[in-house]
>>> print(open('start_39.cif').read())   # mmCIF, C-alpha atoms
data_start
loop_
_atom_site.label_atom_id
_atom_site.label_comp_id
_atom_site.auth_asym_id
_atom_site.auth_seq_id
_atom_site.Cartn_x
_atom_site.Cartn_y
_atom_site.Cartn_z
CA MET A 598 42.49 -72.06 15.46
CA GLY A 599 39.33 -70.20 16.25
CA PRO A 600 36.33 -71.35 18.28
CA ARG A 601 34.31 -74.22 16.92
CA SER A 602 30.78 -73.38 15.83
CA ARG A 603 29.59 -77.01 15.78
CA PRO A 604 30.36 -79.87 18.15
CA VAL A 605 32.78 -82.62 17.15
CA ASP A 606 30.79 -85.37 15.45
CA GLY A 607 31.36 -88.88 14.18
CA ALA A 608 32.40 -92.12 15.80
CA PHE A 609 34.99 -92.53 18.54
CA ARG A 610 36.52 -95.95 19.14
CA TYR A 611 37.75 -95.13 22.65
CA ARG A 612 35.33 -94.22 25.47
CA HIS A 613 36.51 -93.41 29.00
CA PRO A 614 33.95 -93.41 31.87
CA ILE A 615 34.11 -90.38 34.18
CA GLU A 616 32.58 -90.08 37.62
CA VAL A 617 31.91 -86.43 38.41
CA ARG A 618 33.23 -85.72 41.91
CA PHE A 619 31.88 -82.98 44.15
CA ALA A 620 35.35 -81.37 43.94
CA ASP A 621 34.89 -81.10 40.14
CA THR A 622 32.05 -78.61 40.59
CA ASP A 623 32.04 -74.87 41.20
CA GLY A 624 29.89 -72.63 43.38
CA LEU A 625 27.05 -72.80 40.85
CA GLY A 626 26.96 -76.60 41.00
CA HIS A 627 28.34 -77.03 37.47
CA ILE A 628 31.48 -78.90 36.48
CA ASN A 629 34.23 -76.28 36.65
CA ASN A 630 35.60 -75.29 33.24
CA ALA A 631 39.20 -76.27 34.12
CA VAL A 632 38.14 -79.82 35.04
CA TYR A 633 37.34 -80.69 31.43
CA LEU A 634 41.07 -80.67 30.66
CA SER A 635 41.49 -83.29 33.42
CA TYR A 636 38.77 -85.37 31.76
CA PHE A 637 40.66 -85.07 28.45
CA GLU A 638 43.86 -86.14 30.24
CA ALA A 639 42.17 -89.22 31.73
CA ALA A 640 40.82 -90.18 28.30
CA ARG A 641 44.21 -89.56 26.66
CA ALA A 642 45.94 -91.88 29.16
CA GLY A 643 43.24 -94.53 28.81
CA PHE A 644 43.36 -94.24 25.03
CA TYR A 645 47.13 -94.78 25.03
CA THR A 646 46.82 -97.85 27.28
CA ALA A 647 44.06 -99.35 25.11
CA MET A 648 46.05 -98.62 21.93
CA ALA A 649 49.56 -99.65 23.08
CA GLY A 650 48.65 -102.36 25.57
CA VAL A 651 50.72 -100.71 28.34
CA PRO A 652 50.22 -97.51 30.36
CA PHE A 653 51.89 -94.37 29.02
CA GLY A 654 55.57 -94.28 30.00
CA HIS A 655 55.83 -98.04 30.67
CA GLY A 656 57.11 -101.05 28.78
CA GLU A 657 59.49 -101.12 25.87
CA THR A 658 57.66 -98.29 24.03
CA GLY A 659 57.56 -95.96 27.06
CA GLY A 660 60.66 -93.87 26.34
CA ARG A 661 60.14 -93.83 22.57
CA HIS A 662 56.58 -92.58 22.88
CA THR A 663 57.13 -89.64 25.20
CA PHE A 664 55.11 -86.61 24.17
CA LEU A 665 54.27 -83.21 25.62
CA ILE A 666 51.06 -81.26 25.24
CA ALA A 667 51.70 -78.22 23.05
CA GLU A 668 48.15 -76.95 22.80
CA ALA A 669 44.72 -77.80 24.19
CA ARG A 670 41.32 -76.33 23.46
CA VAL A 671 37.90 -76.88 25.01
CA SER A 672 34.53 -75.78 23.65
CA TYR A 673 31.90 -75.77 26.38
CA ARG A 674 28.45 -76.80 25.19
CA LEU A 675 26.18 -77.42 28.19
CA PRO A 676 26.75 -77.68 31.95
CA GLY A 677 27.45 -80.98 33.70
CA PHE A 678 26.60 -81.75 37.33
CA PHE A 679 27.80 -83.65 40.39
CA GLY A 680 26.75 -87.29 40.37
CA GLU A 681 26.23 -87.39 36.63
CA PRO A 682 27.92 -90.35 34.91
CA LEU A 683 29.87 -89.11 31.89
CA VAL A 684 31.96 -90.55 29.08
CA THR A 685 34.97 -88.81 27.55
CA GLU A 686 35.67 -90.03 24.04
CA CYS A 687 39.09 -89.73 22.41
CA ARG A 688 40.46 -90.33 18.90
CA VAL A 689 43.45 -89.47 16.74
CA ALA A 690 42.60 -86.67 14.31
CA TRP A 691 45.86 -86.28 12.38
CA ALA A 692 49.60 -86.99 12.43
CA GLY A 693 52.51 -84.79 11.41
CA ARG A 694 56.29 -85.10 11.27
CA SER A 695 56.78 -84.74 15.04
CA SER A 696 53.28 -84.26 16.42
CA PHE A 697 49.75 -85.60 16.35
CA GLY A 698 46.29 -84.30 17.17
CA LEU A 699 43.66 -85.82 19.41
CA GLU A 700 39.97 -84.94 19.55
CA TYR A 701 37.72 -85.33 22.57
CA ARG A 702 34.04 -85.25 23.35
CA VAL A 703 32.51 -85.29 26.85
CA ILE A 704 28.98 -86.66 26.84
CA SER A 705 26.25 -87.60 29.24
CA GLU A 706 24.28 -90.62 28.15
CA GLY A 707 21.42 -89.53 30.40
CA SER A 708 20.63 -90.35 34.01
CA MET A 709 18.43 -89.33 36.94
CA VAL A 710 20.58 -86.19 37.17
CA ALA A 711 20.16 -84.87 33.61
CA PRO A 712 19.26 -85.92 30.05
CA ALA A 713 21.69 -87.20 27.40
CA ARG A 714 23.72 -84.42 25.75
CA THR A 715 27.19 -83.25 24.71
CA LEU A 716 28.80 -81.17 27.47
CA ALA A 717 32.09 -80.24 25.84
CA ASP A 718 34.45 -81.13 23.04
CA GLY A 719 37.94 -80.13 22.07
CA ASP A 720 41.33 -81.13 20.85
CA SER A 721 44.98 -81.18 21.77
CA VAL A 722 48.32 -81.23 19.98
CA GLN A 723 50.96 -83.64 21.29
CA VAL A 724 54.60 -83.15 20.34
CA MET A 725 56.98 -86.09 20.48
CA TYR A 726 59.86 -85.33 22.81
CA ASP A 727 63.24 -86.89 23.59
CA LEU A 728 63.59 -86.25 27.33
CA PRO A 729 67.31 -87.15 27.69
CA ALA A 730 68.27 -84.99 24.70
CA GLY A 731 65.81 -82.22 25.62
CA ARG A 732 64.42 -81.78 22.12
CA VAL A 733 61.54 -82.54 19.78
CA ARG A 734 61.79 -85.80 17.86
CA ARG A 735 60.01 -87.42 14.94
CA LEU A 736 56.79 -89.34 15.41
CA PRO A 737 57.94 -92.97 15.74
CA PRO A 738 56.63 -95.18 12.90
CA ASP A 739 55.58 -97.86 15.42
CA LEU A 740 53.38 -95.33 17.26
CA LEU A 741 51.69 -94.29 14.02
CA GLU A 742 51.15 -97.98 13.23
CA LEU A 743 49.59 -98.54 16.67
CA MET A 744 47.28 -95.56 16.13
CA GLU A 745 46.14 -96.76 12.73
CA ARG A 746 45.62 -100.32 13.91
CA PHE A 747 43.60 -99.14 16.92
CA GLU A 748 41.51 -96.61 14.99
CA GLY A 749 40.98 -99.07 12.11
CA HIS A 750 41.91 -96.62 9.35
CA PRO A 751 44.84 -94.55 8.04
CA ILE A 752 45.52 -91.44 10.11
CA PRO A 753 45.34 -88.26 7.96
CA ARG A 754 48.75 -86.59 7.57
CA ARG A 755 49.24 -82.91 8.28
CA GLY A 756 52.03 -80.91 6.63
CA SER A 757 55.36 -80.73 8.41
CA VAL A 758 53.96 -80.21 11.90
#
>>> encode(input="start_39.cif", output="structure tokens")
Amino acid sequence: MGPRSRPVDGAFRYRHPIEVRFADTDGLGHINNAVYLSYFEAARAGFYTAMAGVPFGHGETGGRHTFLIAEARVSYRLPGFFGEPLVTECRVAWAGRSSFGLEYRVISEGSMVAPARTLADGDSVQVMYDLPAGRVRRLPPDLLELMERFEGHPIPRRGSV
């Protein structure tokens, strides 16, 4: 996967509010590049809770829905600043045999701090994992069903990933 030339577009059903903390910024006053992965993580956890109805790792689906992050990518578009209210959007992009892809977009809807704009976007690959057995497992059909119900459409399938 090479760098993206254009930002992620289209609708996202899940939106996660982000409050930029002073600790999120670097010496130039911008949001530090590494922090965007934390914003993706917060949106991923919120997305799972909204989709499954329980926080990740809890309830009867907790153990069956364990996944690890295999890959993550961020494309930086414009700087963000301390005190700027942001939203990180998250959606399922595809599903494979034992993995699925999520896409993210970090946006500012405009404030006293700065105008509305896209700050960053990216994606991640999650691999289903059986912790007790210590190995990759198939994507559970109930998780795929939850994803499709939440997103409101069939999730595109990807090869034998």
>>> closest_residue(input="start_39.cif", among="A:Val733, A:Ile666, A:Val722, A:Ala642", to="Arg755 in chain A", atoms="only C-alpha atoms")
A:Val722
>>> closest_atom_pairs(input="start_39.cif", of="range 648-700 of chain A", to="range 623-637 of chain A", cutoff="6 Å", atoms="all atoms listed in the file", output="tab-separated table")
residue	atom	partner	partner_atom	distance
A:Pro676	CA	A:His627	CA	5.8
A:Gly677	CA	A:Ile628	CA	5.3
A:Phe678	CA	A:His627	CA	5.0
>>> resolve_selection(input="start_39.cif", expression="the PyMOL selection byres ((chain A and resi 646) around 12)", output="ChimeraX atom specification")
/A:611,613,639-645,647-656,658-659,662,743-744,747
>>> closest_residue(input="start_39.cif", among="A:Phe664, A:Trp691, A:Phe619, A:Phe609", to="Leu728 in chain A", atoms="all atoms listed in the file")
A:Phe664
>>> resolve_selection(input="start_39.cif", expression="the PyMOL selection byres ((chain A and resi 693-706) around 9)", output="VMD selection string")
chain A and resid 604 to 606 609 633 636 to 637 640 to 641 664 671 677 681 to 692 707 to 708 711 to 726 733 to 737 753 to 758
>>> atom_distance(input="start_39.cif", atom1="CA of Arg618 in chain A", atom2="CA of Arg603 in chain A")
27.8 Å
